[in-house]
$ cat work.cif   # mmCIF, C-alpha atoms and all ligand atoms
data_start
#
loop_
_atom_site.label_atom_id
_atom_site.label_comp_id
_atom_site.auth_asym_id
_atom_site.auth_seq_id
_atom_site.Cartn_x
_atom_site.Cartn_y
_atom_site.Cartn_z
CA MET L 1 -41.91 -16.42 -3.83
CA LYS L 2 -39.47 -14.80 -1.46
CA PHE L 3 -36.88 -12.89 -3.46
CA LYS L 4 -34.75 -12.25 -0.41
CA GLU L 5 -34.35 -15.90 0.48
CA ARG L 6 -31.00 -17.52 -0.20
CA LEU L 7 -31.59 -20.15 -2.88
CA LYS L 8 -30.43 -23.68 -2.27
CA THR L 9 -26.71 -24.14 -2.86
CA SER L 10 -23.98 -26.54 -1.83
CA LEU L 11 -21.85 -23.54 -0.81
CA THR L 12 -21.70 -23.49 2.98
CA LYS L 13 -21.93 -20.26 4.94
CA GLU L 14 -18.44 -20.98 6.32
CA VAL L 15 -16.81 -21.24 2.89
CA GLU L 16 -18.76 -18.20 1.70
CA GLY L 17 -17.40 -16.24 4.67
CA LYS L 18 -13.83 -17.34 4.00
CA LEU L 19 -14.11 -16.50 0.31
CA ASN L 20 -15.34 -13.05 1.29
CA GLU L 21 -12.27 -12.69 3.50
CA GLN L 22 -10.14 -13.59 0.48
CA ILE L 23 -11.96 -10.94 -1.57
CA LYS L 24 -10.93 -8.44 1.07
CA LEU L 25 -7.33 -9.62 1.02
CA GLU L 26 -7.14 -9.33 -2.79
CA GLU L 27 -8.58 -5.81 -2.60
CA HIS L 28 -6.07 -5.04 0.12
CA SER L 29 -3.34 -6.28 -2.25
CA SER L 30 -4.62 -4.03 -5.02
CA GLN L 31 -4.60 -0.97 -2.78
CA PHE L 32 -1.25 -1.87 -1.26
CA TYR L 33 0.35 -2.08 -4.73
CA LEU L 34 -1.32 1.20 -5.65
CA SER L 35 0.15 2.84 -2.58
CA CYS L 36 3.60 1.40 -3.38
CA ALA L 37 3.27 2.73 -6.95
CA SER L 38 2.39 6.18 -5.70
CA TRP L 39 5.35 6.29 -3.31
CA CYS L 40 7.72 5.15 -6.10
CA GLU L 41 6.36 7.75 -8.51
CA LYS L 42 6.73 10.50 -5.92
CA GLU L 43 10.35 9.44 -5.31
CA GLY L 44 11.13 9.40 -9.04
CA TYR L 45 11.26 5.63 -9.57
CA GLN L 46 9.09 5.79 -12.67
CA ASN L 47 9.72 2.25 -13.96
CA ALA L 48 9.00 0.66 -10.60
CA ALA L 49 5.86 2.81 -10.37
CA GLU L 50 4.58 1.63 -13.76
CA PHE L 51 5.21 -1.98 -12.78
CA LEU L 52 3.31 -1.51 -9.50
CA TYR L 53 0.39 0.38 -11.05
CA GLY L 54 -0.01 -2.55 -13.43
CA HIS L 55 0.17 -5.02 -10.60
CA SER L 56 -2.46 -3.16 -8.64
CA GLU L 57 -4.81 -3.66 -11.59
CA GLU L 58 -3.96 -7.36 -11.63
CA GLU L 59 -4.86 -7.69 -7.97
CA ARG L 60 -8.20 -6.03 -8.62
CA ILE L 61 -8.84 -8.65 -11.30
CA HIS L 62 -8.03 -11.34 -8.70
CA MET L 63 -10.51 -9.76 -6.31
CA LEU L 64 -13.20 -9.74 -9.00
CA LYS L 65 -12.46 -13.34 -9.89
CA VAL L 66 -13.30 -14.48 -6.34
CA PHE L 67 -16.18 -11.98 -6.14
CA LYS L 68 -17.88 -13.38 -9.23
CA TYR L 69 -17.21 -16.97 -8.18
CA VAL L 70 -19.02 -16.45 -4.86
CA ASN L 71 -22.14 -15.15 -6.60
CA SER L 72 -21.98 -17.79 -9.33
CA VAL L 73 -22.21 -20.59 -6.76
CA GLY L 74 -25.18 -19.04 -4.97
CA GLY L 75 -23.42 -16.98 -2.33
CA HIS L 76 -23.26 -13.25 -1.72
CA ALA L 77 -20.00 -11.47 -2.51
CA LEU L 78 -19.46 -8.46 -0.27
CA VAL L 79 -17.71 -5.25 -1.29
CA PRO L 80 -14.67 -5.12 0.98
CA ASP L 81 -13.93 -2.24 3.25
CA VAL L 82 -10.17 -1.86 3.29
CA THR L 83 -8.30 0.49 5.59
CA GLY L 84 -4.80 0.89 7.01
CA ILE L 85 -2.83 0.82 3.76
CA LYS L 86 0.82 1.78 4.33
CA SER L 87 1.77 4.87 2.35
CA SER L 88 5.34 5.62 3.32
CA PHE L 89 8.55 3.61 2.89
CA SER L 90 12.16 4.24 3.81
CA SER L 91 13.63 2.96 0.54
CA LEU L 92 12.87 1.28 -2.77
CA ARG L 93 14.28 -1.95 -1.37
CA GLU L 94 11.84 -1.78 1.55
CA VAL L 95 8.91 -1.50 -0.88
CA PHE L 96 9.82 -4.80 -2.53
CA GLU L 97 10.76 -6.55 0.71
CA GLU L 98 7.30 -5.71 2.02
CA ILE L 99 5.72 -6.88 -1.23
CA LEU L 100 7.46 -10.26 -0.90
CA GLU L 101 6.29 -10.51 2.71
CA HIS L 102 2.77 -9.62 1.64
CA GLU L 103 2.73 -12.21 -1.15
CA ILE L 104 3.96 -14.91 1.25
CA ASN L 105 1.00 -14.08 3.51
CA VAL L 106 -1.42 -14.24 0.59
CA THR L 107 0.01 -17.63 -0.42
CA LYS L 108 -0.60 -18.85 3.11
CA SER L 109 -4.16 -17.55 3.06
CA ILE L 110 -4.91 -19.27 -0.26
CA GLY L 111 -3.34 -22.50 1.05
CA ASP L 112 -5.40 -22.40 4.24
CA LEU L 113 -8.56 -21.72 2.27
CA ALA L 114 -7.91 -24.54 -0.21
CA ASP L 115 -7.19 -26.89 2.69
CA TYR L 116 -10.43 -25.84 4.41
CA CYS L 117 -12.50 -26.42 1.24
CA PHE L 118 -10.89 -29.82 0.66
CA LYS L 119 -11.62 -30.96 4.20
CA LEU L 120 -15.26 -29.86 3.81
CA LYS L 121 -15.39 -31.71 0.48
CA ASP L 122 -16.21 -28.47 -1.32
CA PHE L 123 -14.28 -29.62 -4.39
CA SER L 124 -15.73 -26.91 -6.61
CA SER L 125 -14.17 -24.17 -4.49
CA PHE L 126 -11.03 -26.26 -4.04
CA GLN L 127 -10.66 -26.55 -7.80
CA PHE L 128 -11.43 -22.86 -8.31
CA LEU L 129 -8.60 -21.98 -5.92
CA GLN L 130 -5.99 -23.96 -7.85
CA TRP L 131 -5.57 -21.02 -10.26
CA PHE L 132 -4.62 -18.86 -7.27
CA VAL L 133 -2.18 -21.47 -5.97
CA GLN L 134 -0.23 -21.22 -9.22
CA GLU L 135 -0.58 -17.45 -9.40
CA GLN L 136 0.88 -17.06 -5.92
CA ARG L 137 3.88 -19.21 -6.85
CA GLU L 138 4.55 -16.88 -9.78
CA GLU L 139 4.02 -13.72 -7.75
CA GLU L 140 6.40 -14.76 -5.01
CA GLU L 141 8.99 -15.63 -7.64
CA LEU L 142 8.56 -12.23 -9.26
CA ALA L 143 9.08 -10.40 -5.96
CA ARG L 144 12.18 -12.52 -5.23
CA ARG L 145 13.61 -11.70 -8.67
CA VAL L 146 13.27 -7.98 -7.94
CA ILE L 147 14.98 -8.32 -4.56
CA GLU L 148 17.84 -10.17 -6.24
CA VAL L 149 18.43 -7.04 -8.32
CA PHE L 150 19.14 -5.10 -5.12
CA ASN L 151 21.66 -7.73 -4.14
CA LEU L 152 23.43 -7.45 -7.51
CA ILE L 153 23.52 -3.69 -8.06
CA ASP L 154 24.91 -1.25 -5.51
CA GLU L 155 21.90 0.71 -4.30
CA ASN L 156 23.98 3.21 -2.33
CA SER L 157 24.57 5.47 -5.27
CA ALA L 158 22.28 7.52 -7.50
CA HIS L 159 23.28 5.67 -10.64
CA GLY L 160 22.87 2.30 -8.86
CA LEU L 161 19.28 3.17 -8.01
CA TRP L 162 18.75 4.37 -11.58
CA TYR L 163 19.83 0.95 -12.90
CA ILE L 164 17.75 -0.88 -10.30
CA ASP L 165 14.64 1.09 -11.30
CA LYS L 166 15.34 0.36 -14.96
CA GLU L 167 15.78 -3.35 -14.26
CA ILE L 168 12.56 -3.50 -12.23
CA GLY L 169 10.74 -2.00 -15.21
CA ARG L 170 12.26 -4.64 -17.48
CA ILE L 171 11.21 -7.47 -15.12
CA GLY L 172 7.69 -6.02 -15.01
CA VAL L 173 7.38 -5.88 -18.81
CA GLU L 174 8.70 -9.44 -19.07
CA ALA L 175 6.18 -10.65 -16.47
CA ASN L 176 3.31 -8.94 -18.30
CA ASP L 177 4.36 -10.50 -21.61
CA SER L 178 4.39 -13.97 -20.10
CA THR L 179 0.90 -13.56 -18.56
CA SER L 180 -0.86 -11.84 -21.47
CA PRO L 181 -2.77 -14.16 -23.84
CA ALA L 182 -0.87 -15.10 -27.04
FE1 LIG K 1 -3.69 -11.80 -5.77
O1 LIG K 1 -2.04 -12.31 -6.15
FE2 LIG K 1 -0.77 -11.35 -5.14
O2 LIG K 1 -1.54 -10.90 -3.67
#
$ encode --input "work.cif" --output "structure tokens" --more "lines below"
Ligand code: OFO
Amino acid sequence: MKFKERLKTSLTKEVEGKLNEQIKLEEHSSQFYLSCASWCEKEGYQNAAEFLYGHSEEERIHMLKVFKYVNSVGGHALVPDVTGIKSSFSSLREVFEEILEHEINVTKSIGDLADYCFKLKDFSSFQFLQWFVQEQREEEELARRVIEVFNLIDENSAHGLWYIDKEIGRIGVEANDSTSPA
């Protein structure tokens, strides 16, 4: 018996490779949110920082979800090597604008991957990815809600930024409540 041999599986090498790319992207998301949280904390936006620390954890859970799926269907999940995480921002608004941009890219990546699996008739992976399709819809909506706050409250004053930070914290708590099991 050869222990090193890949056992028979319907998972193709191509899908395995693309799922590993998604693992890397989710880990990138986790580290990106962590970096955003750190910048916010350093600048004194404590509520935004708490929200982003929590979200970084969530992204790590997403990464692990794909990671474990790959191994469960007979593939080999690879620990991602992530570099080039942005660590400096010009404003709190910029942090959330970049987060929205990032989430739109992740949505596109999940969509492309689901499309690829469907075309290859890998319906198991296609079905697995449906959870991420819904998650991305919610995450984009969350980022848009935060950006709306900047459009409603004047950010060009210290007390405006104080209210914005407070409101971001409130949105974060609300989002956590709606995702945590009843
Ligand atoms: Fe993993 O959901 Fe955002 O990026």
$ closest_residue --input "work.cif" --among "L:His55, L:Arg93, L:Lys65, L:Lys121" --to "Gln22 of chain L" --atoms "all atoms listed in the file"
L:Lys65
$ closest_atom_pairs --input "work.cif" --of "chain L" --to "ligand LIG 1 (chain K)" --cutoff "6 Å" --atoms "all atoms listed in the file" --output "Markdown table"
| residue | atom | partner | partner_atom | distance |
| --- | --- | --- | --- | --- |
| L:Glu26 | CA | K:LIG1 | FE1 | 5.2 |
| L:Ser29 | CA | K:LIG1 | O2 | 5.2 |
| L:Glu59 | CA | K:LIG1 | FE1 | 4.8 |
| L:His62 | CA | K:LIG1 | FE1 | 5.3 |
| L:Glu103 | CA | K:LIG1 | O2 | 5.1 |
| L:Val106 | CA | K:LIG1 | O2 | 5.4 |
| L:Gln136 | CA | K:LIG1 | O1 | 5.6 |
| L:Glu139 | CA | K:LIG1 | FE2 | 5.9 |
$ axis_aligned_box --input "work.cif" --around "segment 29-33 of chain L" --padding-each-side "5 Å" --output "AutoDock Vina command-line options"
--center_x -2.1 --center_y -3.6 --center_z -3.1 --size_x 15.0 --size_y 15.3 --size_z 13.8
$ residues_around --input "work.cif" --residues "Thr9 of chain L" --least-positions-apart "6" --cutoff "9 Å" --atoms "all atoms listed in the file" --output "PyMOL selection string"
chain L and resi 73-75
$ residues_around --input "work.cif" --residues "Cys40 of chain L" --least-positions-apart "4" --cutoff "12 Å" --atoms "all atoms listed in the file" --output "MDAnalysis selection string"
chainID L and resid 33:36 44:53 87:96 161 165 168:169
